[in-house]
file work-v4.txt (compact mmCIF, C-alpha atoms and all ligand atoms)
# COMPACT_ATOMS: atom_id res chain seq x y z
CA MET A 70 0.00 0.00 0.00
CA ALA A 71 1.54 3.32 -1.00
CA ASP A 72 1.35 5.88 1.73
CA ARG A 73 -1.55 8.27 1.38
CA ALA A 74 0.68 11.22 0.60
CA ALA A 75 2.23 9.49 -2.43
CA ARG A 76 -1.19 8.42 -3.64
CA GLY A 77 -2.48 11.99 -3.32
CA GLN A 78 0.53 13.27 -5.30
CA ALA A 79 -0.12 10.74 -8.04
CA HIS A 80 -3.76 11.87 -8.17
CA LEU A 81 -2.72 15.51 -8.52
CA TRP A 82 -0.54 14.43 -11.47
CA VAL A 83 -3.51 12.64 -13.06
CA VAL A 84 -5.72 15.71 -12.59
CA GLN A 85 -3.06 17.92 -14.18
CA ARG A 86 -2.74 15.70 -17.26
CA ILE A 87 -6.50 15.33 -17.74
CA THR A 88 -7.04 19.08 -17.34
CA ALA A 89 -4.21 19.63 -19.86
CA MET A 90 -6.12 17.51 -22.38
CA ILE A 91 -9.31 19.48 -21.69
CA LEU A 92 -7.39 22.76 -22.00
CA ALA A 93 -5.84 21.75 -25.31
CA LEU A 94 -9.36 21.41 -26.77
CA ALA A 95 -10.91 24.29 -24.84
CA VAL A 96 -8.18 26.77 -25.81
CA LEU A 97 -8.76 25.85 -29.45
CA VAL A 98 -12.53 26.42 -29.17
CA HIS A 99 -11.85 29.62 -27.22
CA LEU A 100 -9.53 31.01 -29.91
CA ILE A 101 -11.92 30.18 -32.73
CA THR A 102 -14.75 31.83 -30.78
CA ILE A 103 -12.66 34.95 -30.19
CA ILE A 104 -11.71 35.24 -33.85
CA THR A 105 -15.30 34.77 -34.98
CA ALA A 106 -16.67 37.08 -32.29
CA VAL A 107 -14.46 40.07 -33.11
CA ARG A 108 -15.45 40.03 -36.77
CA GLY A 109 -17.45 43.16 -37.45
CA GLY A 110 -16.73 44.54 -33.97
CA LEU A 111 -17.13 43.17 -30.48
CA SER A 112 -20.37 44.01 -28.69
CA ALA A 113 -21.91 42.92 -25.40
CA ARG A 114 -25.20 42.31 -27.13
CA GLU A 115 -23.62 39.89 -29.58
CA ILE A 116 -21.84 37.96 -26.80
CA LEU A 117 -24.97 37.71 -24.67
CA ALA A 118 -27.02 36.61 -27.68
CA ARG A 119 -24.69 33.66 -27.96
CA THR A 120 -24.37 32.71 -24.31
CA GLN A 121 -27.64 33.67 -22.61
CA GLY A 122 -29.76 30.64 -21.92
CA SER A 123 -27.32 28.33 -23.65
CA GLU A 124 -26.53 25.30 -21.51
CA VAL A 125 -23.88 24.22 -23.99
CA TRP A 126 -21.83 27.40 -23.56
CA LEU A 127 -22.40 27.36 -19.80
CA LEU A 128 -21.12 23.83 -19.56
CA PHE A 129 -18.15 24.68 -21.78
CA TYR A 130 -17.08 27.68 -19.70
CA VAL A 131 -17.58 25.87 -16.39
CA LEU A 132 -15.40 23.02 -17.57
CA PHE A 133 -12.85 25.44 -19.03
CA ALA A 134 -12.64 27.41 -15.79
CA LEU A 135 -12.33 24.27 -13.67
CA ALA A 136 -9.61 22.85 -15.88
CA ALA A 137 -7.63 26.10 -16.03
CA GLY A 138 -7.90 26.72 -12.27
CA LEU A 139 -6.83 23.23 -11.27
CA HIS A 140 -4.17 22.86 -13.98
CA GLY A 141 -2.54 26.18 -13.18
CA ALA A 142 -2.56 25.64 -9.42
CA ILE A 143 -1.05 22.17 -9.66
CA GLY A 144 1.58 23.51 -12.06
CA LEU A 145 2.47 26.32 -9.66
CA ARG A 146 2.65 23.74 -6.88
CA ASN A 147 5.30 21.83 -8.83
CA ILE A 148 7.31 24.97 -9.50
CA ALA A 149 7.10 26.02 -5.85
CA ALA A 150 8.25 22.56 -4.72
CA GLU A 151 11.20 22.46 -7.07
CA THR A 152 12.44 26.02 -6.81
CA LEU A 153 11.39 27.08 -3.30
CA GLY A 154 11.24 23.70 -1.59
CA TRP A 155 7.59 24.23 -0.58
CA ARG A 156 6.31 20.72 0.00
CA GLY A 157 3.82 18.89 2.15
CA ARG A 158 0.26 17.72 2.37
CA GLY A 159 -0.98 20.89 4.04
CA LEU A 160 0.38 23.01 1.19
CA ASP A 161 -1.14 20.62 -1.34
CA PHE A 162 -4.59 21.35 0.07
CA CYS A 163 -3.83 25.08 -0.12
CA TRP A 164 -2.94 24.75 -3.82
CA LEU A 165 -6.06 22.73 -4.44
CA GLY A 166 -8.08 25.40 -2.66
CA LEU A 167 -6.41 28.13 -4.71
CA GLY A 168 -7.19 26.23 -7.91
CA LEU A 169 -10.86 25.81 -6.96
CA LEU A 170 -11.10 29.45 -5.91
CA THR A 171 -9.69 30.59 -9.26
CA ALA A 172 -12.12 28.26 -11.00
CA ALA A 173 -15.00 29.66 -8.91
CA PHE A 174 -14.33 33.18 -10.25
CA GLY A 175 -14.46 31.84 -13.79
CA ILE A 176 -17.62 29.86 -13.11
CA ARG A 177 -19.31 32.91 -11.57
CA ALA A 178 -18.51 34.87 -14.73
CA ALA A 179 -19.88 32.04 -16.88
CA PHE A 180 -23.15 32.16 -14.92
CA GLY A 181 -23.26 35.89 -15.49
CA LEU A 182 -23.24 35.26 -19.23
CA TYR A 183 -25.84 32.50 -18.99
CA ALA A 184 -28.39 34.10 -16.70
CA MET B 287 49.45 18.70 -27.99
CA GLU B 288 52.12 17.16 -25.81
CA GLN B 289 50.69 17.60 -22.37
CA LEU B 290 47.17 17.46 -21.03
CA LYS B 291 46.37 20.17 -18.51
CA VAL B 292 44.28 18.28 -16.01
CA SER B 293 42.35 19.96 -13.18
CA VAL B 294 41.30 17.43 -10.58
CA TRP B 295 38.92 17.98 -7.67
CA ARG B 296 40.72 17.35 -4.37
CA GLY B 297 39.08 17.10 -0.97
CA GLU B 298 35.45 16.71 0.02
CA ASP B 299 32.44 18.90 -0.76
CA ALA B 300 34.51 21.89 0.29
CA GLY B 301 37.63 21.26 -1.72
CA GLY B 302 39.35 22.73 -4.71
CA PHE B 303 41.09 21.93 -7.97
CA ALA B 304 44.68 20.76 -8.26
CA ARG B 305 46.54 21.04 -11.59
CA TYR B 306 48.52 18.18 -13.12
CA ASP B 307 50.33 17.85 -16.44
CA VAL B 308 49.86 14.43 -17.99
CA PRO B 309 51.57 13.27 -21.21
CA ALA B 310 49.07 13.03 -24.06
CA ARG B 311 48.94 9.75 -26.00
CA ASP B 312 47.20 8.67 -29.18
CA ASN B 313 45.00 6.17 -27.42
CA GLN B 314 44.14 7.19 -23.91
CA THR B 315 41.01 7.03 -21.83
CA VAL B 316 40.11 9.50 -19.11
CA LEU B 317 40.59 6.67 -16.61
CA ASP B 318 44.15 6.20 -17.95
CA VAL B 319 44.80 9.86 -17.18
CA VAL B 320 43.54 9.52 -13.61
CA THR B 321 45.57 6.35 -13.11
CA HIS B 322 48.67 8.12 -14.41
CA ILE B 323 48.19 10.92 -11.89
CA GLN B 324 47.72 8.49 -9.03
CA ARG B 325 50.64 6.23 -9.95
CA GLU B 326 53.17 8.80 -11.12
CA LEU B 327 52.28 12.15 -9.63
CA ASP B 328 50.24 11.89 -6.46
CA PRO B 329 49.50 8.54 -4.80
CA SER B 330 47.07 10.15 -2.37
CA LEU B 331 44.45 10.70 -5.11
CA ALA B 332 41.22 8.79 -4.40
CA TYR B 333 39.13 7.44 -7.26
CA ARG B 334 37.22 4.28 -8.10
CA PHE B 335 37.31 1.71 -10.88
CA ALA B 336 37.25 -2.05 -11.29
CA CYS B 337 36.63 -3.66 -14.68
CA ARG B 338 38.09 -1.00 -17.06
CA VAL B 339 35.85 -2.37 -19.84
CA GLY B 340 32.47 -0.73 -19.20
CA MET B 341 30.83 -3.47 -17.19
CA CYS B 342 31.05 -2.68 -13.49
CA GLY B 343 29.78 0.90 -13.42
CA SER B 344 32.25 2.14 -10.81
CA CYS B 345 34.40 4.65 -12.73
CA ALA B 346 31.93 7.43 -13.56
CA MET B 347 33.01 11.04 -12.97
CA THR B 348 32.22 14.52 -14.19
CA VAL B 349 34.47 15.15 -17.18
CA ASN B 350 34.53 18.74 -18.45
CA GLY B 351 31.13 19.32 -16.85
CA ARG B 352 29.40 16.15 -18.05
CA ALA B 353 28.92 12.82 -16.30
CA ARG B 354 30.66 9.99 -18.16
CA TRP B 355 32.06 6.50 -17.66
CA THR B 356 35.78 7.24 -17.69
CA CYS B 357 37.12 3.81 -18.68
CA ARG B 358 35.38 3.98 -22.06
CA THR B 359 35.74 7.69 -22.72
CA HIS B 360 38.61 8.57 -25.02
CA VAL B 361 40.43 11.74 -24.07
CA ARG B 362 40.46 13.01 -27.64
CA LYS B 363 36.67 12.89 -27.72
CA VAL B 364 36.25 15.22 -24.75
CA VAL B 365 39.42 17.30 -24.42
CA GLY B 366 39.38 21.01 -25.28
CA ALA B 367 41.60 22.42 -28.04
CA ASP B 368 44.02 23.67 -25.37
CA GLY B 369 44.39 20.20 -23.85
CA ALA B 370 42.30 21.11 -20.81
CA LEU B 371 40.52 18.38 -18.87
CA GLU B 372 38.49 19.08 -15.74
CA LEU B 373 37.61 16.13 -13.50
CA ARG B 374 35.14 16.23 -10.65
CA PRO B 375 33.30 13.54 -8.72
CA LEU B 376 29.76 12.71 -9.90
CA ALA B 377 27.19 15.41 -9.18
CA ASN B 378 24.08 14.99 -6.99
CA LEU B 379 25.93 12.70 -4.56
CA PRO B 380 27.98 13.33 -1.41
CA VAL B 381 31.73 13.37 -2.02
CA ILE B 382 33.81 10.89 -0.07
CA ARG B 383 37.12 12.36 -1.21
CA ASP B 384 38.64 13.62 -4.45
CA LEU B 385 36.99 11.80 -7.39
CA ALA B 386 35.11 9.23 -5.31
CA ALA B 387 31.43 10.04 -4.82
CA ASP B 388 29.36 8.23 -2.22
CA LEU B 389 26.84 6.06 -4.08
CA ALA B 390 24.97 4.94 -0.96
CA PRO B 391 21.96 7.26 -1.58
CA PHE B 392 21.81 6.04 -5.19
CA PHE B 393 21.62 2.37 -4.21
CA ASP B 394 19.33 3.05 -1.23
CA LYS B 395 16.86 4.43 -3.74
CA TRP B 396 17.01 1.24 -5.84
CA GLN B 397 15.86 -0.54 -2.72
CA ARG B 398 13.11 2.02 -2.07
CA ALA B 399 11.91 1.64 -5.66
CA GLN B 400 11.80 -2.13 -5.06
CA GLY B 401 14.40 -2.57 -7.78
CA PHE B 402 14.97 -6.20 -6.94
CA PHE B 403 13.42 -9.37 -8.31
CA GLN B 404 10.80 -11.08 -6.14
CA PRO B 405 9.97 -14.47 -7.62
CA LYS B 406 6.25 -15.08 -7.99
CA ASP B 407 6.24 -18.78 -7.33
CA ALA B 408 8.78 -18.80 -4.53
CA PRO B 409 8.40 -15.70 -2.36
CA ASP B 410 10.92 -17.05 0.12
CA GLY B 411 13.59 -16.83 -2.58
CA ALA B 412 13.70 -20.57 -3.27
CA VAL B 413 14.19 -21.81 -6.82
CA PRO B 414 10.75 -22.57 -8.31
CA ASP B 415 10.05 -26.16 -9.40
CA GLU B 416 9.12 -25.23 -12.95
CA PHE B 417 10.84 -22.96 -15.44
CA ALA B 418 8.79 -19.88 -16.31
CA VAL B 419 7.91 -19.69 -19.99
CA VAL B 420 8.62 -16.17 -21.26
CA ALA B 421 7.96 -15.33 -24.90
CA PRO B 422 11.02 -13.28 -25.92
CA GLY B 423 9.03 -11.33 -28.51
CA SER B 424 6.20 -10.32 -26.19
CA LYS B 425 5.72 -6.59 -25.63
CA ALA B 426 6.38 -6.83 -21.90
CA ARG B 427 9.58 -8.81 -22.38
CA ARG B 428 10.86 -6.35 -24.98
CA GLU B 429 10.21 -3.47 -22.55
CA ALA B 430 12.13 -5.33 -19.85
CA ASP B 431 15.00 -6.23 -22.17
CA ALA B 432 15.41 -2.60 -23.24
CA GLY B 433 16.40 -1.56 -19.72
CA ILE B 434 18.07 -4.64 -18.34
CA GLU B 435 21.72 -3.89 -19.26
CA CYS B 436 22.06 -1.08 -16.70
CA ILE B 437 25.47 -1.20 -14.99
CA GLY B 438 24.51 1.09 -12.10
CA CYS B 439 27.05 3.78 -12.98
CA ALA B 440 24.83 6.68 -11.78
CA VAL B 441 25.66 8.80 -14.84
CA CYS B 442 21.92 9.35 -15.37
CA TYR B 443 21.39 10.15 -11.69
CA ALA B 444 24.15 12.78 -11.78
CA SER B 445 22.66 14.29 -14.96
CA CYS B 446 19.09 14.71 -13.69
CA ASP B 447 17.90 18.15 -12.56
CA VAL B 448 14.99 16.71 -10.62
CA VAL B 449 17.43 14.75 -8.45
CA ALA B 450 19.20 18.04 -7.71
CA TRP B 451 15.90 19.80 -6.86
CA ASN B 452 14.29 17.03 -4.83
CA GLY B 453 16.51 14.99 -2.53
CA ASP B 454 13.82 12.32 -2.21
CA TYR B 455 13.45 11.71 -5.95
CA LEU B 456 14.27 8.08 -6.71
CA GLY B 457 16.00 8.99 -9.97
CA PRO B 458 16.21 7.53 -13.45
CA ALA B 459 18.20 4.35 -12.77
CA ALA B 460 16.04 3.08 -9.91
CA LEU B 461 12.85 3.86 -11.83
CA ASN B 462 14.23 2.21 -14.97
CA ARG B 463 14.99 -0.90 -12.94
CA ALA B 464 11.50 -0.87 -11.46
CA TRP B 465 10.02 -0.69 -14.98
CA THR B 466 11.99 -3.76 -16.12
CA LEU B 467 10.55 -5.67 -13.16
CA VAL B 468 6.99 -4.40 -13.69
CA ASN B 469 7.33 -6.02 -17.12
CA ASP B 470 8.82 -9.25 -15.82
CA ALA B 471 6.22 -12.01 -15.99
CA ARG B 472 8.07 -13.98 -13.30
CA ASP B 473 7.99 -11.21 -10.73
CA GLY B 474 5.43 -11.29 -7.93
CA ALA B 475 5.68 -7.78 -6.49
CA ARG B 476 4.14 -5.69 -9.27
CA GLY B 477 1.59 -3.99 -7.04
CA GLU B 478 3.94 -3.00 -4.22
CA ARG B 479 6.48 -1.82 -6.75
CA LEU B 480 4.02 0.40 -8.58
CA ASP B 481 3.02 1.86 -5.22
CA ALA B 482 6.67 2.43 -4.36
CA VAL B 483 7.36 4.43 -7.54
CA ALA B 484 4.24 6.65 -7.41
CA GLY B 485 4.13 10.26 -6.24
CA ASP B 486 6.56 13.16 -5.95
CA ALA B 487 9.51 11.00 -4.91
CA GLY B 488 8.79 8.70 -7.83
CA CYS B 489 7.95 8.79 -11.51
CA HIS B 490 5.45 11.66 -11.24
CA SER B 491 8.22 14.22 -10.66
CA CYS B 492 10.04 13.42 -13.90
CA HIS B 493 9.72 16.16 -16.55
CA SER B 494 10.71 13.89 -19.44
CA THR B 495 13.67 16.13 -20.24
CA ARG B 496 15.67 13.08 -21.29
CA SER B 497 19.12 14.07 -19.99
CA CYS B 498 19.31 10.59 -18.47
CA THR B 499 18.62 8.96 -21.82
CA GLU B 500 21.06 11.18 -23.67
CA ARG B 501 23.90 10.55 -21.23
CA CYS B 502 23.46 6.85 -20.42
CA PRO B 503 26.58 5.10 -21.72
CA LYS B 504 24.62 1.89 -22.23
CA GLN B 505 22.04 3.53 -24.51
CA ILE B 506 19.29 2.80 -22.05
CA ASP B 507 16.21 5.04 -22.08
CA PRO B 508 15.25 5.67 -18.44
CA SER B 509 13.06 8.58 -19.51
CA GLY B 510 10.99 6.23 -21.66
CA ALA B 511 10.85 3.71 -18.82
CA ILE B 512 9.54 6.40 -16.47
CA ALA B 513 6.91 7.36 -19.07
CA GLY B 514 5.90 3.69 -19.04
CA LEU B 515 5.47 3.76 -15.27
CA LYS B 516 3.40 6.93 -15.50
CA ARG B 517 1.22 5.43 -18.22
CA THR B 518 0.66 2.23 -16.25
CA LEU B 519 -0.19 4.10 -13.06
CA PHE B 520 -2.44 6.50 -15.00
CA TRP B 521 -4.66 3.79 -16.44
CA GLU B 522 -4.69 1.76 -13.26
CA SER B 523 -5.71 4.75 -11.15
CA LEU B 524 -8.45 5.65 -13.67
CA LEU B 525 -9.81 2.19 -14.26
CA GLY B 526 -8.96 0.85 -10.81
CA GLY B 527 -7.03 -1.90 -12.55
CA LYS B 528 -5.81 -4.99 -10.77
CA ARG B 529 -2.45 -3.96 -9.45
CA HIS B 530 -1.74 -6.61 -6.87
CA GLY B 531 -1.01 -10.18 -7.79
C1 LIG C 601 -3.19 24.05 -24.36
C2 LIG C 601 -3.42 23.84 -23.11
C3 LIG C 601 -2.38 23.30 -22.16
C4 LIG C 601 -1.70 22.13 -22.21
C5 LIG C 601 -1.78 21.03 -23.28
C6 LIG C 601 -0.82 22.07 -21.03
C7 LIG C 601 0.01 21.00 -20.70
C8 LIG C 601 0.85 20.96 -19.62
C9 LIG C 601 1.69 19.86 -19.25
C10 LIG C 601 1.80 18.52 -19.99
C11 LIG C 601 2.39 20.22 -18.13
C12 LIG C 601 3.40 19.37 -17.38
C13 LIG C 601 4.82 19.72 -17.71
C14 LIG C 601 5.81 18.93 -16.91
O1 LIG C 601 5.48 18.33 -15.90
O2 LIG C 601 6.98 18.92 -17.29
C15 LIG C 601 1.99 21.57 -17.80
C16 LIG C 601 2.49 22.30 -16.74
C17 LIG C 601 2.05 23.54 -16.38
N1 LIG C 601 1.00 24.25 -16.95
FE1 LIG C 601 -0.01 23.72 -18.61
N2 LIG C 601 -0.99 23.21 -20.31
C18 LIG C 601 -1.92 24.00 -20.95
C19 LIG C 601 -2.41 25.22 -20.57
C20 LIG C 601 -2.02 25.88 -19.42
C21 LIG C 601 -2.66 27.11 -18.94
C22 LIG C 601 -3.82 27.84 -19.59
C23 LIG C 601 -1.98 27.44 -17.79
C24 LIG C 601 -2.23 28.62 -16.89
C25 LIG C 601 -3.32 28.65 -16.13
C26 LIG C 601 -0.94 26.45 -17.57
C27 LIG C 601 -0.05 26.44 -16.52
C28 LIG C 601 0.89 25.45 -16.26
C29 LIG C 601 1.87 25.51 -15.21
C30 LIG C 601 2.08 26.65 -14.21
C31 LIG C 601 2.60 24.33 -15.30
C32 LIG C 601 3.76 23.90 -14.41
C33 LIG C 601 5.06 23.86 -15.14
C34 LIG C 601 5.81 22.60 -14.82
O3 LIG C 601 5.36 21.77 -14.02
O4 LIG C 601 6.87 22.40 -15.43
N3 LIG C 601 -1.00 25.51 -18.57
N4 LIG C 601 1.06 21.99 -18.70
S1 LIG C 602 13.81 12.47 -18.11
FE1 LIG C 602 13.18 12.48 -15.95
S2 LIG C 602 14.63 11.15 -14.90
FE2 LIG C 602 15.53 11.64 -16.91
S3 LIG C 602 16.87 13.41 -16.52
FE3 LIG C 602 14.86 14.23 -17.14
S4 LIG C 602 13.71 14.53 -15.22
FE4 LIG C 602 15.48 13.22 -14.74
S1 LIG C 603 20.58 3.70 -16.74
FE1 LIG C 603 22.50 4.01 -17.87
S2 LIG C 603 23.39 5.86 -16.94
FE2 LIG C 603 21.83 5.12 -15.52
S3 LIG C 603 22.95 3.82 -14.05
FE3 LIG C 603 22.16 2.47 -15.69
S4 LIG C 603 23.81 2.34 -17.17
FE4 LIG C 603 24.30 4.09 -15.86
S1 LIG C 604 35.80 0.63 -14.65
FE1 LIG C 604 34.06 -0.70 -14.85
S2 LIG C 604 32.70 0.50 -16.05
FE2 LIG C 604 34.47 1.74 -16.01
call {"tool": "encode", "arguments": {"input": "work-v4.txt", "output": "structure tokens"}}
result
Amino acid sequence: MADRAARGQAHLWVVQRITAMILALAVLVHLITIITAVRGGLSAREILARTQGSEVWLLFYVLFALAAGLHGAIGLRNIAAETLGWRGRGLDFCWLGLGLLTAAFGIRAAFGLYA
Amino acid sequence: MEQLKVSVWRGEDAGGFARYDVPARDNQTVLDVVTHIQRELDPSLAYRFACRVGMCGSCAMTVNGRARWTCRTHVRKVVGADGALELRPLANLPVIRDLAADLAPFFDKWQRAQGFFQPKDAPDGAVPDEFAVVAPGSKARREADAGIECIGCAVCYASCDVVAWNGDYLGPAALNRAWTLVNDARDGARGERLDAVAGDAGCHSCHSTRSCTERCPKQIDPSGAIAGLKRTLFWESLLGGKRHG
């Protein structure tokens, strides 16, 4: 039985790789949307016409925000461990919290566009 | 070039370089140069070697900034135009004295990675009654064969940044050995071994930068082996695969 700490670290790695796969797709969709959206000028009305009441866009942005928040926080965790020596289970929960908090801001914004 | 200008690390972690002039020859390995210094110039020089033919893994040092096996490294391949040669003990390991690094942490990590064979049919170490039938062309056997010729020289370990950043990291050689055993049909400790190599001290800290693979004198690919461990652990943690037994 691996100790729980090692298992938790392996799970963080899995989450980072899966979110990377989601981001690879989401960033592509995001870029295409941006390029299409700015054609003929960017307006709030146009954006809201696309997103308001659309469960598909809501789901996309929620997933995007979750993936970016978690992926970035886990990545920063690795950098902090290697360059600053910040390690430990307590800190891991802080990073996870930071990732979810970042994601929460994105999700709140996505709801703003949906509602 | 008549003389090699050799700078050799003397002392322990807090030491310094000493300069020696060694006659250059047409055919000369770096180990020959060190032996010349010890026999002819300064008998107090500490270094390590045994086989002199690239089998035992005991002669590795840092040669002009790069970890190499010295018994199979020709001077002309690594020497600067001015005949300068700089020799240090292997990096990422404590220094015993002069060119001898302490490999105890390196081999302790092989143990921690469960880098030893545990026969499936005879857990007490006895010889099993039957021969195991292993298809040499099977995918698992080919993976194991690719990493099996490791001589334990620690060149990869000394070349890995993650080892330098994280003192607990098991390192490329131990993880490579674990991967050969994960692929060994006769081994009975697959589950414990995969547990032992998971997490920040194990395969999940590797950045796949491949210095280990580039520098291994035996053309082994520890980076690829570590990717194999990550892949195996990834699918087994997702699908809850059968890891024990
Ligand atoms: C196209 C989408 C993306 C992909 C495919 C991707 C992929 C990856 C991969 C594979 C790693 C691991 C590298 C390693 O361990 O050596 C990584 C690390 C990292 N990523 Fe991403 N990423 C993406 C987007 C992002 C975004 C949007 C952010 C910012 C929020 C980000 C921040 C980081 C950070 C800080 C690291 C840590 C660096 C490290 O561990 O070496 N990534 N990424
Ligand atoms: S591939 Fe991994 S083990 Fe090899 S040198 Fe790079 S970080 Fe170290
Ligand atoms: S993998 Fe290669 S470099 Fe590393 S210890 Fe084995 S033989 Fe030496
Ligand atoms: S002395 Fe044995 S490998 Fe170099």
call {"tool": "closest_residue", "arguments": {"input": "work-v4.txt", "among": "A:Val107, A:Ala179, A:Ile91, A:Ile148", "to": "chain B", "atoms": "all atoms listed in the file"}}
result
A:Ile148
call {"tool": "interface_residues", "arguments": {"input": "work-v4.txt", "of": "chain A", "to": "chain B", "cutoff": "6 Å", "atoms": "all atoms listed in the file", "output": "list of chain:residue names"}}
result
A:Ala71, A:Ala75, A:Gln78, A:Ala79, A:Glu151
call {"tool": "residues_near_ligand", "arguments": {"input": "work-v4.txt", "ligand": "ligand LIG 602 (chain C)", "cutoff": "10 Å", "atoms": "only C-alpha atoms and all ligand atoms", "output": "PyMOL selection string"}}
result
chain B and resi 442-450+455-462+488-502+507-513
call {"tool": "axis_aligned_box", "arguments": {"input": "work-v4.txt", "around": "ligand LIG 601 (chain C)", "padding_each_side": "8 Å", "output": "AutoDock Vina command-line options"}}
result
--center_x 1.6 --center_y 23.5 --center_z -19.2 --size_x 26.8 --size_y 26.3 --size_z 26.3
call {"tool": "closest_residue", "arguments": {"input": "work-v4.txt", "among": "B:Val361, B:Ala367, B:Ala346, B:Val420", "to": "ligand LIG 603 (chain C)", "atoms": "all atoms listed in the file"}}
result
B:Ala346
call {"tool": "atom_distance", "arguments": {"input": "work-v4.txt", "atom1": "atom CA of B:Thr359", "atom2": "atom FE1 of ligand LIG 604 (chain C)"}}
result
11.6 Å
call {"tool": "residues_around", "arguments": {"input": "work-v4.txt", "residues": "A:Leu169", "least_positions_apart": "3", "cutoff": "12 Å", "atoms": "only C-alpha atoms", "output": "JSON, numbers by chain"}}
result
{"A": [131, 132, 134, 135, 136, 137, 138, 139, 140, 141, 142, 143, 162, 163, 164, 165, 166, 172, 173, 174, 175, 176, 177]}
call {"tool": "residues_near_ligand", "arguments": {"input": "work-v4.txt", "ligand": "ligand LIG 604 (chain C)", "cutoff": "12 Å", "atoms": "all atoms listed in the file", "output": "PyMOL selection string"}}
result
chain B and resi 315-318+320-321+333-347+354-359+436-441+503-504
call {"tool": "closest_residue", "arguments": {"input": "work-v4.txt", "among": "B:Gly514, B:Pro405, B:Pro375, B:Gly526", "to": "B:Gly301", "atoms": "only C-alpha atoms"}}
result
B:Pro375
call {"tool": "atom_distance", "arguments": {"input": "work-v4.txt", "atom1": "atom CA of B:Val349", "atom2": "atom CA of B:Asn378"}}
result
14.6 Å
call {"tool": "residues_near_point", "arguments": {"input": "work-v4.txt", "point": "(41.4, 17.9, -11.8)", "cutoff": "12 Å", "atoms": "only C-alpha atoms", "output": "VMD selection string"}}
result
chain B and resid 290 to 297 301 to 308 316 319 to 320 323 to 324 328 331 to 333 347 to 351 370 to 375 384 to 385
call {"tool": "closest_residue", "arguments": {"input": "work-v4.txt", "among": "A:Ala113, A:Ala74, A:Val96, A:Ala89", "to": "A:Tyr130", "atoms": "all atoms listed in the file"}}
result
A:Val96
call {"tool": "closest_residue", "arguments": {"input": "work-v4.txt", "among": "B:Asn313, B:Ala412, B:Phe392, B:Glu522", "to": "ligand LIG 603 (chain C)", "atoms": "only C-alpha atoms and all ligand atoms"}}
result
B:Phe392
call {"tool": "atom_distance", "arguments": {"input": "work-v4.txt", "atom1": "atom CA of B:Arg517", "atom2": "atom CA of A:Leu167"}}
result
27.5 Å
